[in-house]
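Trainee: Shown below is the structure under consideration.
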Amino acid sequence: MPRPIKILEPTKPYNMLIKVSQFEKLTAIAEHMQKTSLEQVAVADIIRDAIDVYLSAIEEEDEN
């Protein structure tokens, strides 16, 4: 079964290196979120969401 399409825009793959402790925390958060959600939640989903929040904050800061 193929992976579900989660991003409805053009994408670009990017590999990144993070600390094991960061990954473990994100994994625990993803597992908790998945238990309360009707869809799969992956560490990558959390990272993408965090990037969106960061970019929004930067854009808002630039407007002021």
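The chains in the structure tokens are called A, B, ... from first to last as shown; in each chain the residues are counted from 1, and the ligands are counted from 1 in the order shown.
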If we count only C-alpha atoms, what is near A:Ile7 at a cut-off of 12 Å, once residues fewer than 2 positions away on the same chain are taken out, given as a list in words?
Mentor: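 Contacts, with the query itself left out: Arg3, Pro4, Ile5, Glu9, Pro10, Thr11, Lys12, Ala44, Asp45, Arg48 and Asp49 of chain A.
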Trainee: The selected residues should be written to file as a PDB file, in the first residue's frame (atoms: all heavy atoms).
Mentor:
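Generated output (selection01.pdb):
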```
ATOM      1  N   ARG A   3       2.183   5.199   0.407  1.00  0.00           N
ATOM      2  CA  ARG A   3       2.019   6.195   1.463  1.00  0.00           C
ATOM      3  C   ARG A   3       0.895   7.153   1.095  1.00  0.00           C
ATOM      4  O   ARG A   3       0.749   7.534  -0.067  1.00  0.00           O
ATOM      5  CB  ARG A   3       3.296   7.000   1.645  1.00  0.00           C
ATOM      6  CG  ARG A   3       4.433   6.220   2.199  1.00  0.00           C
ATOM      7  CD  ARG A   3       5.602   7.122   2.421  1.00  0.00           C
ATOM      8  NE  ARG A   3       6.721   6.353   2.941  1.00  0.00           N
ATOM      9  CZ  ARG A   3       7.854   6.884   3.336  1.00  0.00           C
ATOM     10  NH1 ARG A   3       8.031   8.167   3.263  1.00  0.00           N
ATOM     11  NH2 ARG A   3       8.813   6.122   3.792  1.00  0.00           N
ATOM     12  N   PRO A   4       0.126   7.585   2.082  1.00  0.00           N
ATOM     13  CA  PRO A   4      -0.932   8.559   1.780  1.00  0.00           C
ATOM     14  C   PRO A   4      -0.321   9.915   1.449  1.00  0.00           C
ATOM     15  O   PRO A   4       0.731  10.285   1.991  1.00  0.00           O
ATOM     16  CB  PRO A   4      -1.738   8.627   3.074  1.00  0.00           C
ATOM     17  CG  PRO A   4      -0.800   8.159   4.127  1.00  0.00           C
ATOM     18  CD  PRO A   4       0.136   7.184   3.469  1.00  0.00           C
ATOM     19  N   ILE A   5      -0.976  10.636   0.586  1.00  0.00           N
ATOM     20  CA  ILE A   5      -0.514  11.973   0.221  1.00  0.00           C
ATOM     21  C   ILE A   5      -0.956  12.933   1.316  1.00  0.00           C
ATOM     22  O   ILE A   5      -2.146  13.078   1.578  1.00  0.00           O
ATOM     23  CB  ILE A   5      -1.072  12.400  -1.147  1.00  0.00           C
ATOM     24  CG1 ILE A   5      -0.555  11.467  -2.233  1.00  0.00           C
ATOM     25  CG2 ILE A   5      -0.701  13.846  -1.449  1.00  0.00           C
ATOM     26  CD1 ILE A   5      -1.153  11.705  -3.596  1.00  0.00           C
ATOM     27  N   GLU A   9       0.934  20.222  -2.098  1.00  0.00           N
ATOM     28  CA  GLU A   9       1.727  21.222  -2.812  1.00  0.00           C
ATOM     29  C   GLU A   9       2.984  20.539  -3.336  1.00  0.00           C
ATOM     30  O   GLU A   9       3.308  19.437  -2.895  1.00  0.00           O
ATOM     31  CB  GLU A   9       2.148  22.353  -1.863  1.00  0.00           C
ATOM     32  CG  GLU A   9       1.013  23.130  -1.266  1.00  0.00           C
ATOM     33  CD  GLU A   9       1.520  24.216  -0.319  1.00  0.00           C
ATOM     34  OE1 GLU A   9       2.600  24.796  -0.572  1.00  0.00           O
ATOM     35  OE2 GLU A   9       0.833  24.476   0.671  1.00  0.00           O
ATOM     36  N   PRO A  10       3.702  21.183  -4.247  1.00  0.00           N
ATOM     37  CA  PRO A  10       4.986  20.609  -4.682  1.00  0.00           C
ATOM     38  C   PRO A  10       5.905  20.435  -3.469  1.00  0.00           C
ATOM     39  O   PRO A  10       5.880  21.242  -2.534  1.00  0.00           O
ATOM     40  CB  PRO A  10       5.545  21.649  -5.646  1.00  0.00           C
ATOM     41  CG  PRO A  10       4.362  22.422  -6.113  1.00  0.00           C
ATOM     42  CD  PRO A  10       3.390  22.421  -4.968  1.00  0.00           C
ATOM     43  N   THR A  11       6.705  19.385  -3.475  1.00  0.00           N
ATOM     44  CA  THR A  11       7.575  19.093  -2.337  1.00  0.00           C
ATOM     45  C   THR A  11       9.024  18.954  -2.762  1.00  0.00           C
ATOM     46  O   THR A  11       9.322  18.811  -3.955  1.00  0.00           O
ATOM     47  CB  THR A  11       7.138  17.786  -1.642  1.00  0.00           C
ATOM     48  OG1 THR A  11       7.231  16.713  -2.583  1.00  0.00           O
ATOM     49  CG2 THR A  11       5.725  17.888  -1.102  1.00  0.00           C
ATOM     50  N   LYS A  12       9.894  19.010  -1.788  1.00  0.00           N
ATOM     51  CA  LYS A  12      11.323  18.808  -2.010  1.00  0.00           C
ATOM     52  C   LYS A  12      11.841  17.973  -0.851  1.00  0.00           C
ATOM     53  O   LYS A  12      11.678  18.360   0.309  1.00  0.00           O
ATOM     54  CB  LYS A  12      12.051  20.146  -2.042  1.00  0.00           C
ATOM     55  CG  LYS A  12      13.546  20.006  -2.190  1.00  0.00           C
ATOM     56  CD  LYS A  12      14.127  21.150  -2.950  1.00  0.00           C
ATOM     57  CE  LYS A  12      15.607  21.012  -3.111  1.00  0.00           C
ATOM     58  NZ  LYS A  12      15.991  20.193  -4.224  1.00  0.00           N
ATOM     59  N   ALA A  44       7.907  13.253  11.075  1.00  0.00           N
ATOM     60  CA  ALA A  44       8.026  14.230   9.981  1.00  0.00           C
ATOM     61  C   ALA A  44       6.849  15.198   9.963  1.00  0.00           C
ATOM     62  O   ALA A  44       7.018  16.380   9.653  1.00  0.00           O
ATOM     63  CB  ALA A  44       8.131  13.504   8.644  1.00  0.00           C
ATOM     64  N   ASP A  45       5.646  14.715  10.299  1.00  0.00           N
ATOM     65  CA  ASP A  45       4.474  15.597  10.359  1.00  0.00           C
ATOM     66  C   ASP A  45       4.675  16.680  11.419  1.00  0.00           C
ATOM     67  O   ASP A  45       4.355  17.854  11.196  1.00  0.00           O
ATOM     68  CB  ASP A  45       3.207  14.800  10.691  1.00  0.00           C
ATOM     69  CG  ASP A  45       2.865  13.785   9.626  1.00  0.00           C
ATOM     70  OD1 ASP A  45       3.060  14.079   8.429  1.00  0.00           O
ATOM     71  OD2 ASP A  45       2.396  12.691   9.997  1.00  0.00           O
ATOM     72  N   ARG A  48       7.261  19.194  10.167  1.00  0.00           N
ATOM     73  CA  ARG A  48       6.670  20.099   9.160  1.00  0.00           C
ATOM     74  C   ARG A  48       5.763  21.127   9.821  1.00  0.00           C
ATOM     75  O   ARG A  48       5.782  22.316   9.457  1.00  0.00           O
ATOM     76  CB  ARG A  48       5.917  19.305   8.104  1.00  0.00           C
ATOM     77  CG  ARG A  48       6.813  18.630   7.091  1.00  0.00           C
ATOM     78  CD  ARG A  48       6.023  18.087   5.922  1.00  0.00           C
ATOM     79  NE  ARG A  48       5.158  16.986   6.318  1.00  0.00           N
ATOM     80  CZ  ARG A  48       5.484  15.697   6.253  1.00  0.00           C
ATOM     81  NH1 ARG A  48       6.673  15.353   5.816  1.00  0.00           N
ATOM     82  NH2 ARG A  48       4.637  14.763   6.614  1.00  0.00           N
ATOM     83  N   ASP A  49       4.952  20.687  10.791  1.00  0.00           N
ATOM     84  CA  ASP A  49       4.069  21.623  11.495  1.00  0.00           C
ATOM     85  C   ASP A  49       4.879  22.674  12.245  1.00  0.00           C
ATOM     86  O   ASP A  49       4.530  23.857  12.248  1.00  0.00           O
ATOM     87  CB  ASP A  49       3.156  20.878  12.472  1.00  0.00           C
ATOM     88  CG  ASP A  49       2.072  20.084  11.770  1.00  0.00           C
ATOM     89  OD1 ASP A  49       1.842  20.296  10.556  1.00  0.00           O
ATOM     90  OD2 ASP A  49       1.441  19.236  12.450  1.00  0.00           O
TER      91      ASP A  49
END
```
Trainee: What residues in chain A get the DSSP label alpha helix (DSSP H)? Please answer as number ranges by chain.
Mentor: A: 20-35, 43-63
Trainee: Point out the residue among A:Ile51, A:Leu8, A:Ala57, A:Val43 with the least atom-to-atom distance to A:Leu26, counting only C-alpha atoms.
Mentor: A:Val43
Trainee: What is the atom CA of A:Leu38-atom CA of A:Ala50 distance in Å, reported with one decimal?
Mentor: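 Distance between the two atoms: 20.3 Å.
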Trainee: Just want the 10 Å neighbourhood of A:Thr27, counted on only C-alpha atoms, with same-chain residues fewer than 4 positions away dropped. Output as a list in words.
Mentor: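 These residues fall inside the cut-off: Ser21, Gln22, Phe23, Glu31, His32, Met33, Val41, Ala42, Val43, Ala44 and Ile46 of chain A.
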Trainee: For the selection you just gave me, I'd like the residues written to a file as a compact mmCIF listing (two decimals), in the first residue's frame, keeping N, CA, C and O atoms.
Mentor:
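What landed in selection.txt:
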```
# COMPACT_ATOMS: atom_id res chain seq x y z
N SER A 21 18.00 12.27 21.32
CA SER A 21 17.04 12.68 22.36
C SER A 21 15.88 13.47 21.77
O SER A 21 14.73 13.30 22.19
N GLN A 22 16.16 14.31 20.77
CA GLN A 22 15.09 15.06 20.11
C GLN A 22 14.16 14.10 19.37
O GLN A 22 12.94 14.22 19.44
N PHE A 23 14.76 13.15 18.66
CA PHE A 23 13.96 12.20 17.89
C PHE A 23 13.09 11.36 18.82
O PHE A 23 11.92 11.11 18.51
N GLU A 31 3.42 9.33 18.77
CA GLU A 31 2.63 8.17 19.22
C GLU A 31 1.42 8.62 20.02
O GLU A 31 0.32 8.10 19.83
N HIS A 32 1.60 9.60 20.89
CA HIS A 32 0.48 10.12 21.69
C HIS A 32 -0.57 10.77 20.78
O HIS A 32 -1.77 10.56 20.94
N MET A 33 -0.11 11.58 19.82
CA MET A 33 -1.03 12.25 18.89
C MET A 33 -1.79 11.24 18.05
O MET A 33 -2.97 11.42 17.77
N VAL A 41 0.20 9.79 12.46
CA VAL A 41 1.02 10.95 12.78
C VAL A 41 2.47 10.48 12.87
O VAL A 41 2.78 9.59 13.64
N ALA A 42 3.31 11.08 12.07
CA ALA A 42 4.73 10.70 12.04
C ALA A 42 5.58 11.85 12.58
O ALA A 42 5.13 13.00 12.65
N VAL A 43 6.79 11.54 12.94
CA VAL A 43 7.73 12.56 13.39
C VAL A 43 7.86 13.65 12.32
O VAL A 43 7.89 14.84 12.63
N ALA A 44 7.91 13.25 11.07
CA ALA A 44 8.03 14.23 9.98
C ALA A 44 6.85 15.20 9.96
O ALA A 44 7.02 16.38 9.65
N ILE A 46 5.20 16.28 12.56
CA ILE A 46 5.43 17.24 13.65
C ILE A 46 6.49 18.25 13.25
O ILE A 46 6.34 19.45 13.50
```
